[in-house]
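Have a look at model-v1.cif; it's mmCIF, C-alpha atoms:
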data_structure
#
loop_
_atom_site.label_atom_id
_atom_site.label_comp_id
_atom_site.auth_asym_id
_atom_site.auth_seq_id
_atom_site.Cartn_x
_atom_site.Cartn_y
_atom_site.Cartn_z
CA MET R 1 32.34 42.93 16.44
CA SER R 2 31.00 40.05 18.49
CA PHE R 3 29.66 42.60 20.99
CA VAL R 4 27.64 44.27 18.22
CA ILE R 5 26.27 40.88 17.11
CA ASP R 6 25.36 39.90 20.67
CA ALA R 7 23.70 43.28 21.25
CA PHE R 8 21.70 42.82 18.02
CA SER R 9 20.58 39.36 19.16
CA ILE R 10 19.52 40.60 22.58
CA VAL R 11 17.59 43.55 21.15
CA ALA R 12 15.80 41.40 18.57
CA ILE R 13 14.90 38.62 21.02
CA VAL R 14 13.69 41.07 23.67
CA ALA R 15 11.56 42.81 21.01
CA GLY R 16 10.17 39.39 20.07
CA LEU R 17 9.36 38.65 23.71
CA VAL R 18 7.50 41.97 23.95
CA PHE R 19 5.25 40.80 21.12
CA PHE R 20 4.66 37.51 22.94
CA LEU R 21 3.78 39.38 26.13
CA ALA R 22 1.46 41.73 24.24
CA GLY R 23 -0.14 38.79 22.45
CA THR R 24 -0.72 36.96 25.73
CA VAL R 25 -2.21 40.03 27.39
CA GLY R 26 -4.45 40.47 24.36
CA LEU R 27 -5.50 36.81 24.50
CA LEU R 28 -6.53 37.24 28.12
CA ARG R 29 -8.07 40.70 27.93
CA PHE R 30 -9.69 41.13 24.51
CA PRO R 31 -13.48 40.85 24.48
CA ASP R 32 -14.27 38.34 21.70
CA ALA R 33 -12.80 35.43 19.74
CA TYR R 34 -11.85 37.48 16.66
CA THR R 35 -9.81 40.11 18.51
CA ARG R 36 -8.19 37.40 20.65
CA LEU R 37 -7.12 35.60 17.46
CA HIS R 38 -5.78 38.90 16.15
CA ALA R 39 -3.63 39.30 19.28
CA LEU R 40 -2.46 35.69 19.15
CA THR R 41 -1.36 35.70 15.50
CA LYS R 42 0.61 38.91 16.00
CA ALA R 43 2.55 37.17 18.76
CA ASP R 44 3.11 34.09 16.59
CA ASN R 45 4.21 35.93 13.49
CA LEU R 46 6.23 38.90 14.71
CA GLY R 47 7.35 37.37 18.00
CA VAL R 48 8.74 34.18 16.45
CA ALA R 49 10.18 36.16 13.54
CA LEU R 50 12.12 38.51 15.83
CA VAL R 51 13.35 35.65 18.04
CA VAL R 52 14.55 33.76 14.94
CA ILE R 53 16.23 36.87 13.54
CA GLY R 54 17.94 37.37 16.89
CA LEU R 55 19.14 33.77 16.98
CA LEU R 56 20.39 33.66 13.38
CA PRO R 57 23.82 35.31 14.06
CA GLN R 58 24.31 32.97 17.06
CA VAL R 59 24.09 29.63 15.22
CA GLY R 60 27.33 28.28 13.85
CA SER R 61 26.29 26.82 10.52
CA VAL R 62 24.25 27.84 7.50
CA LEU R 63 22.27 24.60 7.78
CA ALA R 64 21.17 25.36 11.33
CA ALA R 65 20.22 28.90 10.25
CA LEU R 66 18.14 27.50 7.38
CA LYS R 67 16.40 25.14 9.80
CA LEU R 68 15.50 28.11 12.03
CA VAL R 69 14.07 30.02 9.07
CA LEU R 70 12.12 26.93 8.00
CA ILE R 71 10.67 26.58 11.52
CA TRP R 72 9.63 30.23 11.43
CA LEU R 73 7.92 29.77 8.05
CA LEU R 74 6.10 26.66 9.31
CA VAL R 75 4.93 28.46 12.46
CA LEU R 76 3.75 31.34 10.25
CA LEU R 77 1.84 28.97 7.98
CA SER R 78 0.23 26.97 10.78
CA SER R 79 -0.77 29.99 12.84
CA ALA R 80 -2.24 31.80 9.83
CA GLY R 81 -4.07 28.67 8.68
CA VAL R 82 -5.35 27.59 12.09
CA SER R 83 -6.54 31.09 13.04
CA GLN R 84 -8.57 31.20 9.78
CA LEU R 85 -10.12 27.85 10.67
CA ILE R 86 -10.94 28.92 14.23
CA ALA R 87 -12.42 32.21 13.04
CA ARG R 88 -14.58 30.38 10.48
CA SER R 89 -15.86 27.90 13.03
CA VAL R 90 -16.63 30.74 15.46
CA ARG R 91 -18.58 32.57 12.74
CA ARG R 92 -20.49 29.42 11.76
CA GLN R 93 -21.53 28.77 15.35
CA GLY R 94 -22.43 32.43 15.83
CA ARG R 95 -20.29 32.67 18.96
CA GLY R 96 -18.36 35.77 17.98
CA GLU R 97 -19.24 37.58 21.18
CA MET Q 1 18.77 31.23 36.36
CA THR Q 2 18.29 27.81 34.76
CA THR Q 3 17.23 26.41 38.15
CA LEU Q 4 14.64 29.17 38.38
CA VAL Q 5 13.29 28.40 34.91
CA GLY Q 6 13.25 24.68 35.71
CA GLY Q 7 11.40 25.34 38.98
CA VAL Q 8 8.81 27.51 37.24
CA VAL Q 9 8.24 24.85 34.55
CA ALA Q 10 7.94 22.11 37.20
CA LEU Q 11 5.34 24.15 39.14
CA LEU Q 12 3.46 24.89 35.90
CA LEU Q 13 3.42 21.16 35.08
CA LEU Q 14 2.02 20.24 38.50
CA TRP Q 15 -0.60 22.98 38.26
CA LEU Q 16 -1.60 21.88 34.73
CA ALA Q 17 -1.82 18.24 35.83
CA LEU Q 18 -4.09 19.19 38.72
CA TRP Q 19 -6.17 21.45 36.48
CA THR Q 20 -6.59 18.67 33.90
CA VAL Q 21 -7.87 16.33 36.60
CA VAL Q 22 -10.31 18.77 38.23
CA ALA Q 23 -11.65 20.40 35.03
CA ARG Q 24 -15.35 19.52 34.77
CA ASP Q 25 -15.57 20.19 31.04
CA ALA Q 26 -14.10 17.29 29.03
CA PHE Q 27 -12.89 19.52 26.19
CA LEU Q 28 -11.01 21.80 28.60
CA ALA Q 29 -9.45 18.78 30.30
CA VAL Q 30 -8.15 17.51 26.95
CA ALA Q 31 -6.82 20.97 26.06
CA GLY Q 32 -4.98 20.99 29.40
CA PHE Q 33 -3.65 17.50 28.72
CA VAL Q 34 -2.22 18.53 25.32
CA VAL Q 35 -0.49 21.58 26.79
CA TYR Q 36 0.79 19.37 29.60
CA GLY Q 37 2.32 17.01 27.00
CA LEU Q 38 4.05 19.86 25.18
CA LEU Q 39 5.42 21.32 28.42
CA LEU Q 40 6.57 17.86 29.50
CA SER Q 41 8.49 17.47 26.23
CA LEU Q 42 10.30 20.74 27.09
CA VAL Q 43 11.29 19.17 30.42
CA TRP Q 44 12.64 16.13 28.57
CA VAL Q 45 14.69 18.43 26.33
CA ARG Q 46 16.17 20.02 29.44
CA LEU Q 47 16.98 16.55 30.81
CA ALA Q 48 18.78 15.81 27.49
CA GLY Q 49 16.24 13.11 26.61
CA ILE Q 50 15.62 14.38 23.07
CA ASP Q 51 14.17 11.04 21.89
CA VAL Q 52 11.69 10.99 24.75
CA ALA Q 53 10.87 14.66 24.14
CA LEU Q 54 10.08 13.98 20.47
CA THR Q 55 7.92 10.99 21.40
CA GLU Q 56 6.11 12.91 24.14
CA ALA Q 57 5.35 15.81 21.79
CA ALA Q 58 4.28 13.54 18.91
CA ILE Q 59 2.45 10.72 20.73
CA GLY Q 60 1.70 12.10 24.21
CA GLY Q 61 0.59 15.58 23.20
CA GLY Q 62 -0.35 15.23 19.55
CA LEU Q 63 -1.76 11.80 18.85
CA THR Q 64 -3.27 11.05 22.27
CA GLY Q 65 -4.70 14.57 22.32
CA ALA Q 66 -6.36 13.99 18.94
CA LEU Q 67 -7.74 10.62 20.09
CA LEU Q 68 -9.12 12.20 23.27
CA LEU Q 69 -10.67 15.07 21.29
CA GLY Q 70 -12.46 12.46 19.17
CA ALA Q 71 -13.69 10.82 22.37
CA VAL Q 72 -14.91 14.20 23.68
CA GLY Q 73 -16.88 14.69 20.45
CA ARG Q 74 -18.57 11.30 20.92
CA LEU Q 75 -19.31 11.91 24.59
CA ARG Q 76 -20.85 15.36 24.03
CA GLY Q 77 -24.38 13.98 24.31
CA THR Q 78 -23.73 12.49 27.74
CA GLU Q 79 -21.86 15.44 29.17
CA VAL Q 80 -24.87 17.25 30.64
CA ALA Q 81 -25.95 14.10 32.46
CA ALA Q 82 -22.40 13.53 33.72
CA ALA Q 83 -22.15 17.10 35.00
CA ALA Q 84 -25.50 16.84 36.80
CA GLU Q 85 -24.46 13.61 38.50
CA ARG Q 86 -23.41 13.94 42.14
CA SER Q 87 -21.74 11.04 43.83
CA GLY Q 88 -22.67 10.29 47.44
CA ALA Q 89 -20.53 11.19 50.43
CA GLY Q 90 -19.47 7.54 50.95
CA THR Q 91 -18.21 7.17 47.37
CA ARG Q 92 -16.29 10.43 47.70
CA VAL Q 93 -14.61 9.39 50.94
CA VAL Q 94 -13.63 6.00 49.46
CA ALA Q 95 -12.26 7.68 46.30
CA MET Q 96 -10.31 10.18 48.39
CA VAL Q 97 -8.82 7.52 50.68
CA LEU Q 98 -7.84 5.38 47.68
CA SER Q 99 -6.21 8.31 45.82
CA VAL Q 100 -4.28 9.39 48.90
CA ALA Q 101 -3.17 5.80 49.56
CA VAL Q 102 -1.90 5.36 45.99
CA SER Q 103 -0.08 8.72 46.17
CA VAL Q 104 1.54 7.80 49.49
CA VAL Q 105 2.67 4.40 48.17
CA LEU Q 106 4.10 6.03 45.02
CA ALA Q 107 5.89 8.68 47.09
CA LEU Q 108 7.37 6.00 49.39
CA CYS Q 109 8.54 4.01 46.36
CA VAL Q 110 10.24 7.07 44.88
CA LEU Q 111 11.90 7.90 48.23
CA ALA Q 112 13.04 4.27 48.65
CA LEU Q 113 14.87 4.18 45.31
CA PRO Q 114 18.55 3.26 45.74
CA GLU Q 115 21.06 6.07 45.39
CA PRO Q 116 22.75 6.18 42.90
CA ALA Q 117 20.07 4.61 40.71
CA PRO Q 118 21.04 1.24 39.21
CA THR Q 119 21.92 1.70 35.55
CA LEU Q 120 22.77 -0.42 32.54
CA ALA Q 121 23.95 2.64 30.60
CA PRO Q 122 27.70 1.78 30.74
CA GLN Q 123 27.00 -1.71 29.36
CA VAL Q 124 24.84 -0.27 26.59
CA ALA Q 125 27.57 2.26 25.74
CA ARG Q 126 30.17 -0.54 25.67
CA MET Q 127 28.12 -2.89 23.49
CA LEU Q 128 26.58 -0.23 21.19
CA PRO Q 129 29.30 -0.44 18.50
CA SER Q 130 28.41 -4.11 17.92
CA THR Q 131 24.92 -3.06 16.73
CA GLY Q 132 26.23 -0.58 14.16
CA VAL Q 133 23.75 2.14 15.19
CA GLY Q 134 24.94 5.38 16.79
CA ASN Q 135 21.83 6.34 18.75
CA PRO Q 136 21.80 4.38 22.04
CA ILE Q 137 17.99 4.66 22.27
CA THR Q 138 17.61 2.91 18.90
CA GLY Q 139 20.20 0.35 20.04
CA VAL Q 140 18.21 -0.44 23.17
CA LEU Q 141 14.83 -0.48 21.40
CA LEU Q 142 15.85 -2.68 18.49
CA ALA Q 143 18.79 -4.74 19.72
CA PHE Q 144 19.04 -5.10 23.50
CA ARG Q 145 15.31 -4.88 24.24
CA ALA Q 146 13.92 -5.75 20.82
CA LEU Q 147 11.33 -8.05 22.40
CA ASP Q 148 9.66 -5.06 24.10
CA THR Q 149 9.44 -3.22 20.79
CA LEU Q 150 8.02 -6.31 19.08
CA LEU Q 151 5.32 -6.68 21.74
CA GLU Q 152 4.58 -2.95 21.47
CA ALA Q 153 3.96 -3.30 17.74
CA ILE Q 154 1.71 -6.31 18.35
CA VAL Q 155 -0.22 -4.40 21.03
CA LEU Q 156 -0.90 -1.65 18.48
CA VAL Q 157 -2.33 -4.19 16.01
CA ILE Q 158 -4.55 -5.62 18.77
CA ALA Q 159 -5.69 -2.09 19.68
CA LEU Q 160 -6.70 -1.47 16.08
CA VAL Q 161 -8.60 -4.78 15.98
CA GLY Q 162 -10.33 -3.67 19.17
CA VAL Q 163 -11.39 -0.36 17.61
CA TRP Q 164 -12.58 -2.03 14.42
CA SER Q 165 -14.56 -4.62 16.33
CA LEU Q 166 -16.76 -1.81 17.72
CA ALA Q 167 -18.28 -1.48 14.23
CA PRO Q 168 -21.95 -2.41 13.84
CA ASP Q 169 -22.37 -5.52 11.68
CA ARG Q 170 -23.84 -3.66 8.71
CA PHE Q 171 -20.77 -1.41 8.40
CA TRP Q 172 -18.19 -4.17 8.72
CA GLY Q 173 -15.58 -3.82 6.00
CA GLY Q 174 -16.64 -0.24 5.28
CA ARG Q 175 -15.00 3.11 5.80
CA PRO Q 176 -14.40 4.65 9.24
CA GLY Q 177 -16.07 7.83 10.41
CA LEU Q 178 -17.98 10.36 8.36
CA ARG Q 179 -16.60 11.74 5.17
CA TYR Q 180 -15.23 15.23 5.78
CA MET Q 181 -16.99 17.80 3.60
CA THR Q 182 -15.00 20.99 3.31
CA ASP Q 183 -14.56 23.83 0.90
CA PRO Q 184 -12.21 22.52 -1.83
CA ASP Q 185 -10.72 26.02 -2.19
CA GLY Q 186 -10.67 26.75 1.55
CA ILE Q 187 -7.70 27.24 3.81
CA LEU Q 188 -7.78 23.64 5.08
CA ALA Q 189 -7.54 22.24 1.55
CA TYR Q 190 -4.72 24.70 0.89
CA LEU Q 191 -2.80 23.51 3.97
CA ALA Q 192 -3.51 19.88 3.03
CA ARG Q 193 -1.90 20.48 -0.35
CA LEU Q 194 1.03 22.53 0.92
CA LEU Q 195 2.06 20.73 4.11
CA PRO Q 196 2.25 17.01 3.19
CA PRO Q 197 5.35 17.33 0.96
CA ILE Q 198 7.16 19.12 3.80
CA GLY Q 199 5.78 16.70 6.39
CA ILE Q 200 6.81 13.65 4.38
CA VAL Q 201 10.37 14.98 4.03
CA VAL Q 202 10.57 15.80 7.78
CA GLY Q 203 9.04 12.42 8.66
CA MET Q 204 11.42 10.44 6.48
CA TYR Q 205 14.35 12.50 7.79
CA LEU Q 206 13.37 11.68 11.40
CA PHE Q 207 13.03 8.02 10.42
CA TRP Q 208 16.45 7.84 8.79
CA ALA Q 209 18.22 10.04 11.37
CA GLY Q 210 16.92 7.74 14.14
CA ALA Q 211 19.84 5.34 13.61
CA ASP Q 212 22.43 7.85 14.78
CA HIS Q 213 20.53 10.87 16.15
CA PRO Q 214 17.33 11.45 18.11
CA GLY Q 215 14.35 10.33 16.07
CA GLY Q 216 13.05 7.03 14.80
CA LYS Q 217 10.09 5.20 13.38
CA PHE Q 218 7.55 6.18 16.02
CA GLN Q 219 8.06 9.93 15.80
CA SER Q 220 8.31 9.69 12.04
CA ALA Q 221 5.14 7.57 11.77
CA THR Q 222 3.22 10.12 13.85
CA ILE Q 223 4.16 12.94 11.48
CA LEU Q 224 3.33 10.89 8.39
CA ALA Q 225 0.00 9.79 9.89
CA ALA Q 226 -0.76 13.43 10.76
CA MET Q 227 -0.17 14.42 7.13
CA TRP Q 228 -2.54 11.68 5.98
CA MET Q 229 -5.17 12.80 8.48
CA LEU Q 230 -4.79 16.39 7.25
CA VAL Q 231 -5.48 15.26 3.69
CA GLN Q 232 -8.52 13.29 4.89
CA MET Q 233 -9.90 16.14 7.01
CA ALA Q 234 -9.58 18.54 4.09
CA GLY Q 235 -11.75 16.15 2.07
CA LEU Q 236 -9.02 15.56 -0.52
CA ALA Q 237 -8.96 11.82 0.13
CA ASP Q 238 -11.32 9.42 1.86
CA ALA Q 239 -10.42 7.06 4.69
CA PRO Q 240 -9.61 3.59 3.36
CA ARG Q 241 -12.07 0.70 3.54
CA ILE Q 242 -10.97 -1.63 6.31
CA ASP Q 243 -11.46 -4.69 4.10
CA ASN Q 244 -8.84 -3.38 1.69
CA ARG Q 245 -6.15 -6.06 1.38
CA TRP Q 246 -3.36 -3.51 1.11
CA VAL Q 247 -4.48 -1.83 4.33
CA ARG Q 248 -4.70 -5.10 6.22
CA GLY Q 249 -1.38 -6.29 4.80
CA GLY Q 250 0.28 -3.01 5.79
CA VAL Q 251 -1.11 -3.28 9.32
CA VAL Q 252 0.48 -6.68 9.93
CA ILE Q 253 3.66 -6.45 7.83
CA GLY Q 254 5.72 -4.80 10.58
CA PRO Q 255 5.14 -7.36 13.35
CA LEU Q 256 5.39 -10.22 10.81
CA ALA Q 257 8.74 -8.99 9.51
CA PHE Q 258 9.89 -8.47 13.10
CA VAL Q 259 8.97 -12.05 14.04
CA ALA Q 260 10.62 -13.34 10.85
CA VAL Q 261 13.86 -11.57 11.71
CA GLY Q 262 13.57 -12.94 15.25
CA VAL Q 263 13.17 -16.52 13.99
CA LEU Q 264 16.07 -15.97 11.60
CA GLY Q 265 18.10 -14.87 14.63
CA ALA Q 266 17.17 -18.04 16.50
CA TRP Q 267 18.52 -20.00 13.56
CA THR Q 268 21.69 -18.00 12.75
CA ALA Q 269 22.64 -16.37 16.07
CA GLY Q 270 21.30 -18.93 18.51
CA ALA Q 271 18.66 -16.73 20.15
CA PHE Q 272 15.22 -15.39 19.22
CA LEU Q 273 15.75 -11.80 17.99
CA GLY Q 274 19.53 -12.29 18.09
CA TYR Q 275 21.46 -10.76 15.22
CA PRO Q 276 24.38 -12.62 13.60
CA ASP Q 277 27.75 -10.84 13.86
CA GLY Q 278 28.09 -7.90 11.51
CA TRP Q 279 24.44 -8.11 10.41
CA ALA Q 280 22.89 -6.13 13.25
CA LYS Q 281 22.58 -2.81 11.38
CA PRO Q 282 20.97 -4.22 8.18
CA MET Q 283 18.57 -6.31 10.29
CA ILE Q 284 17.60 -3.28 12.42
CA VAL Q 285 17.07 -1.15 9.32
CA ALA Q 286 14.95 -3.91 7.75
CA ILE Q 287 12.74 -4.10 10.87
CA GLU Q 288 12.37 -0.33 10.98
CA ILE Q 289 11.44 -0.13 7.29
CA ALA Q 290 8.82 -2.85 7.77
CA LEU Q 291 7.45 -1.22 10.95
CA LEU Q 292 7.06 2.25 9.43
CA PRO Q 293 4.02 1.54 7.17
CA THR Q 294 2.45 -0.50 9.97
CA LEU Q 295 2.79 2.34 12.46
CA VAL Q 296 1.59 5.03 10.02
CA LEU Q 297 -1.47 2.94 9.09
CA ILE Q 298 -2.33 1.96 12.67
CA LEU Q 299 -1.95 5.48 14.10
CA ALA Q 300 -4.08 7.00 11.33
CA LEU Q 301 -6.68 4.20 11.45
CA LEU Q 302 -6.95 4.50 15.24
CA LEU Q 303 -7.78 8.18 14.72
CA ASN Q 304 -10.26 7.26 11.98
CA GLY Q 305 -12.12 5.00 14.40
CA ALA Q 306 -14.56 2.17 13.79
CA PRO Q 307 -16.19 1.71 10.36
CA ALA Q 308 -19.41 3.71 10.16
CA ARG Q 309 -20.57 3.60 6.54
CA GLY Q 310 -20.38 1.68 3.30
CA GLY Q 311 -20.25 -1.81 4.78
CA ASP Q 312 -20.30 -4.93 2.67
CA LEU Q 313 -24.05 -5.57 2.54
CA THR Q 314 -23.88 -8.60 0.25
CA ALA Q 315 -21.66 -10.45 2.70
CA LEU Q 316 -24.09 -9.56 5.48
CA ARG Q 317 -27.08 -10.85 3.50
CA SER Q 318 -25.38 -14.10 2.64
CA SER Q 319 -24.41 -14.63 6.27
CA ARG Q 320 -28.03 -14.03 7.36
CA ARG Q 321 -29.39 -16.55 4.87
#
Full structure transcribed into C-alpha cells:
Amino acid sequence: MSFVIDAFSIVAIVAGLVFFLAGTVGLLRFPDAYTRLHALTKADNLGVALVVIGLLPQVGSVLAALKLVLIWLLVLLSSAGVSQLIARSVRRQGRGE
Amino acid sequence: MTTLVGGVVALLLLWLALWTVVARDAFLAVAGFVVYGLLLSLVWVRLAGIDVALTEAAIGGGLTGALLLGAVGRLRGTEVAAAAERSGAGTRVVAMVLSVAVSVVLALCVLALPEPAPTLAPQVARMLPSTGVGNPITGVLLAFRALDTLLEAIVLVIALVGVWSLAPDRFWGGRPGLRYMTDPDGILAYLARLLPPIGIVVGMYLFWAGADHPGGKFQSATILAAMWMLVQMAGLADAPRIDNRWVRGGVVIGPLAFVAVGVLGAWTAGAFLGYPDGWAKPMIVAIEIALLPTLVLILALLLNGAPARGGDLTALRSSRR
C-alpha cells in the first residue's frame, strides 16, 4: 500500500515539476508580457497544486495537510491577483509588445 | 544529492549577488536583491536556522526590497544622468584596489577563525529553562542579550525620526506620501479586503508561537505591516497623520516598556534588564506585546516615508509670526 502511495506522490510531484519547467520556458521564450504572464500563472497554479497533492499523503497529520492546502490557496490567490495587476499596468503603459 | 542541490544554490546565490552589484538599472538590481533574499532564506532553512530564514524572507527580501523599490521610484529622474556618468580611470583603479583589499581581509578573517568555532550554545541550552521560553532564539534575544534587542528597537525609532525629519516644513505633521487612488472594485481592493484577516491570523500566530517555536515579534510585525500597507495601497485607508498622538505613542511604547522592565529588573533582580526568579516568561511576554505595535507602526511608517501633504499650516503660520 505504501508503495502505491509513494508512486502516487512521485507521479504527482513530477507532473507538477513539468508545469514549472514549462512555465519557466514560457517565461523566457514567449514574445510579450501577456503571454509570459499566462505561462507563469499556469506554473504557479497547476505546478503548486500538483506538488501539494503529491505531498499530501506524505505528511503525518491532518493539521500539516491543511496547512499545505492553505499555502496552495494563498499562492493561487496571490499569483492570480498579482498577474492581473501586472497585466493592467502593462496595458496602461502601452508596453504590451 | 543534497550536496549537489546545496552546491547549485550556493553558486546561484553568488551569481545573483554579483549580478545585483553589476546591474546598471536600479530596478533590476533591486529585483535581483529580493530574489537573493528569498534564496538566502532557503539556505537558512537548510542550515536549520528557521528563525533566521523567516527574518531574512520577511525583512531582508520583503521589507528591504519594498523600501529599495520606493527609493528606485524616487531616483528615476536621476537615473539617466547616473547612467551617462563615467568615472575616470584613477577613480576606477582606486575603487578596484579598495574592493579587492576588503575582500582579501574578509577572506583572511574567515580562514583565521578558530576550529571548532567558539560557541555559547551549551550554556544557552543549560540556562534556557530558567527563562520559561522554549525557543532558544527568543531566549537569547529577550533574556541573555536583551540589551541588543532594546537598542535595536531604539534604533528603529531613531530611523523613523530620521525619515520624518526629511519632510518640508509646510508638510510637518501631515500624511506621508501620495494618497493611492485605485479602482474600489478592482483586484487590488479585492485582495486588500480578503487577505488582511488571513494575514492578521498568521501574524499573530507567528508572534505567539515565537516563545516556543520559530517565529517572533519581528516576523509577525512585518506581516502585519504588510497587511496595513496592502490596505493603504488599495486606497481603502489613508496613511496616518504623523502628528496623531496614538501613532506617536505606539511608536515609542515598545522601547519605553522595555526600559521600564529593565529598570524594574535593576530594582528586583539586581541588574538592568534582569528578571526576578520565576518572572522571566511573563516579563518577556510583556516586552514582546509592547514591542509588537511599535514594530508594526515603524515598519509601515518607514515604507510610507516622509510627510508630503496636509501639513499643519496654522502651526507654521504662528511660528513664522
Show me a table, sorted first by chain and then by increasing residue number, of the residues of chain Q having an atom at most 12 Å from chain R, each with its shortest atom pair and the distance in Å to one decimal, counting only C-alpha atoms and written as JSON lines.
{"residue": "Q:Thr182", "atom": "CA", "partner": "R:Leu85", "partner_atom": "CA", "distance": 11.2}
{"residue": "Q:Asp183", "atom": "CA", "partner": "R:Leu85", "partner_atom": "CA", "distance": 11.5}
{"residue": "Q:Gly186", "atom": "CA", "partner": "R:Leu85", "partner_atom": "CA", "distance": 9.2}
{"residue": "Q:Ile187", "atom": "CA", "partner": "R:Gly81", "partner_atom": "CA", "distance": 6.2}
{"residue": "Q:Leu188", "atom": "CA", "partner": "R:Gly81", "partner_atom": "CA", "distance": 7.2}
{"residue": "Q:Ala189", "atom": "CA", "partner": "R:Gly81", "partner_atom": "CA", "distance": 10.2}
{"residue": "Q:Tyr190", "atom": "CA", "partner": "R:Gly81", "partner_atom": "CA", "distance": 8.8}
{"residue": "Q:Leu191", "atom": "CA", "partner": "R:Gly81", "partner_atom": "CA", "distance": 7.1}
{"residue": "Q:Ala192", "atom": "CA", "partner": "R:Gly81", "partner_atom": "CA", "distance": 10.5}
{"residue": "Q:Leu194", "atom": "CA", "partner": "R:Leu77", "partner_atom": "CA", "distance": 9.6}
{"residue": "Q:Leu195", "atom": "CA", "partner": "R:Leu74", "partner_atom": "CA", "distance": 8.9}
{"residue": "Q:Ile198", "atom": "CA", "partner": "R:Leu74", "partner_atom": "CA", "distance": 9.4}
{"residue": "Q:Gly199", "atom": "CA", "partner": "R:Leu74", "partner_atom": "CA", "distance": 10.4}
{"residue": "Q:Val202", "atom": "CA", "partner": "R:Lys67", "partner_atom": "CA", "distance": 11.2}
{"residue": "Q:Ala234", "atom": "CA", "partner": "R:Leu85", "partner_atom": "CA", "distance": 11.4}
Taking the point (8.5, 13.8, 22.2) as given in the file, collect each protein or nucleic acid residue that comes within 12 Å of it, counting all atoms listed in the file, and present the set as JSON, numbers by chain. {"Q": [37, 38, 39, 40, 41, 42, 43, 44, 45, 48, 49, 50, 51, 52, 53, 54, 55, 56, 57, 58, 59, 60, 61, 62, 63, 214, 215, 216, 218, 219, 220, 222, 223]}
Take atom CA of Ala237 of chain Q and atom CA of Thr294 of chain Q and report the distance between them in Å, one decimal. 19.5 Å
List, as a VMD selection string, every residue that the PyMOL selection byres ((chain R and resi 40-57) around 9) selects in the file provided. chain R and resid 5 to 6 8 to 24 26 to 27 35 to 39 58 to 60 64 to 66 68 to 69 71 to 73 75 to 76 79 to 80 83
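In this structure, atom CA of Gly310 of chain Q sits 24.5 Å away from atom CA of Val72 of chain Q.
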Atomic separation - atom CA of Ala125 of chain Q relative to atom CA of Thr138 of chain Q, Å: 12.1 Å
So which one's closest to Leu230 of chain Q, Q:Val35, Q:Ala300, Q:Val263, Q:Leu206? Using all atoms listed in the file, please.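 Looking at the shortest contact to Leu230 of chain Q, the residue is Q:Ala300.
Applied to the file shown here, the PyMOL selection byres ((chain Q and resi 290) around 9) selects Gly250, Ile253, Gly254, Pro255, Leu256, Ala257, Phe258, Val285, Ala286, Ile287, Glu288, Ile289, Leu291, Leu292, Pro293 and Thr294 of chain Q.
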For the residues in the current selection, export C-alpha atoms as a PDB file, keeping the file's coordinate frame.
ATOM      1  CA  GLY Q 250       0.280  -3.010   5.790  1.00  0.00           C
ATOM      2  CA  ILE Q 253       3.660  -6.450   7.830  1.00  0.00           C
ATOM      3  CA  GLY Q 254       5.720  -4.800  10.580  1.00  0.00           C
ATOM      4  CA  PRO Q 255       5.140  -7.360  13.350  1.00  0.00           C
ATOM      5  CA  LEU Q 256       5.390 -10.220  10.810  1.00  0.00           C
ATOM      6  CA  ALA Q 257       8.740  -8.990   9.510  1.00  0.00           C
ATOM      7  CA  PHE Q 258       9.890  -8.470  13.100  1.00  0.00           C
ATOM      8  CA  VAL Q 285      17.070  -1.150   9.320  1.00  0.00           C
ATOM      9  CA  ALA Q 286      14.950  -3.910   7.750  1.00  0.00           C
ATOM     10  CA  ILE Q 287      12.740  -4.100  10.870  1.00  0.00           C
ATOM     11  CA  GLU Q 288      12.370  -0.330  10.980  1.00  0.00           C
ATOM     12  CA  ILE Q 289      11.440  -0.130   7.290  1.00  0.00           C
ATOM     13  CA  LEU Q 291       7.450  -1.220  10.950  1.00  0.00           C
ATOM     14  CA  LEU Q 292       7.060   2.250   9.430  1.00  0.00           C
ATOM     15  CA  PRO Q 293       4.020   1.540   7.170  1.00  0.00           C
ATOM     16  CA  THR Q 294       2.450  -0.500   9.970  1.00  0.00           C
TER      17      THR Q 294
END
Polymer residues at most 8 Å from Arg179 of chain Q, all atoms listed in the file, same-chain spacing of 4 or more positions, as a PDB file with C-alpha atoms, in the frame of the given file:
ATOM      1  CA  GLY Q 235     -11.750  16.150   2.070  1.00  0.00           C
ATOM      2  CA  ASP Q 238     -11.320   9.420   1.860  1.00  0.00           C
ATOM      3  CA  ALA Q 239     -10.420   7.060   4.690  1.00  0.00           C
TER       4      ALA Q 239
END
Which polymer residues have any atom within 12 Å of an atom of Val5 of chain Q, counting all atoms listed in the file, with same-chain residues fewer than 4 positions away left out, as a list in words?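 Listing them by chain and then by number gives Met1, Val9, Ala10, Leu11, Leu12, Leu42, Val43 and Arg46 of chain Q.
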Residue contacts of Ala211 of chain Q (7 Å, all atoms listed in the file) excluding same-chain residues fewer than 5 positions away, as a list of chain:residue names: Q:Val133, Q:Gly134, Q:Asn135, Q:Thr138
Output as JSON the centre and edge lengths (Å, one decimal) of the box along x, y and z of the file that holds every listed atom of segment 32-46 of chain R after adding 4 Å on each side.
{"center_x": -4.0, "center_y": 37.1, "center_z": 17.6, "size_x": 28.5, "size_y": 14.0, "size_z": 16.2}
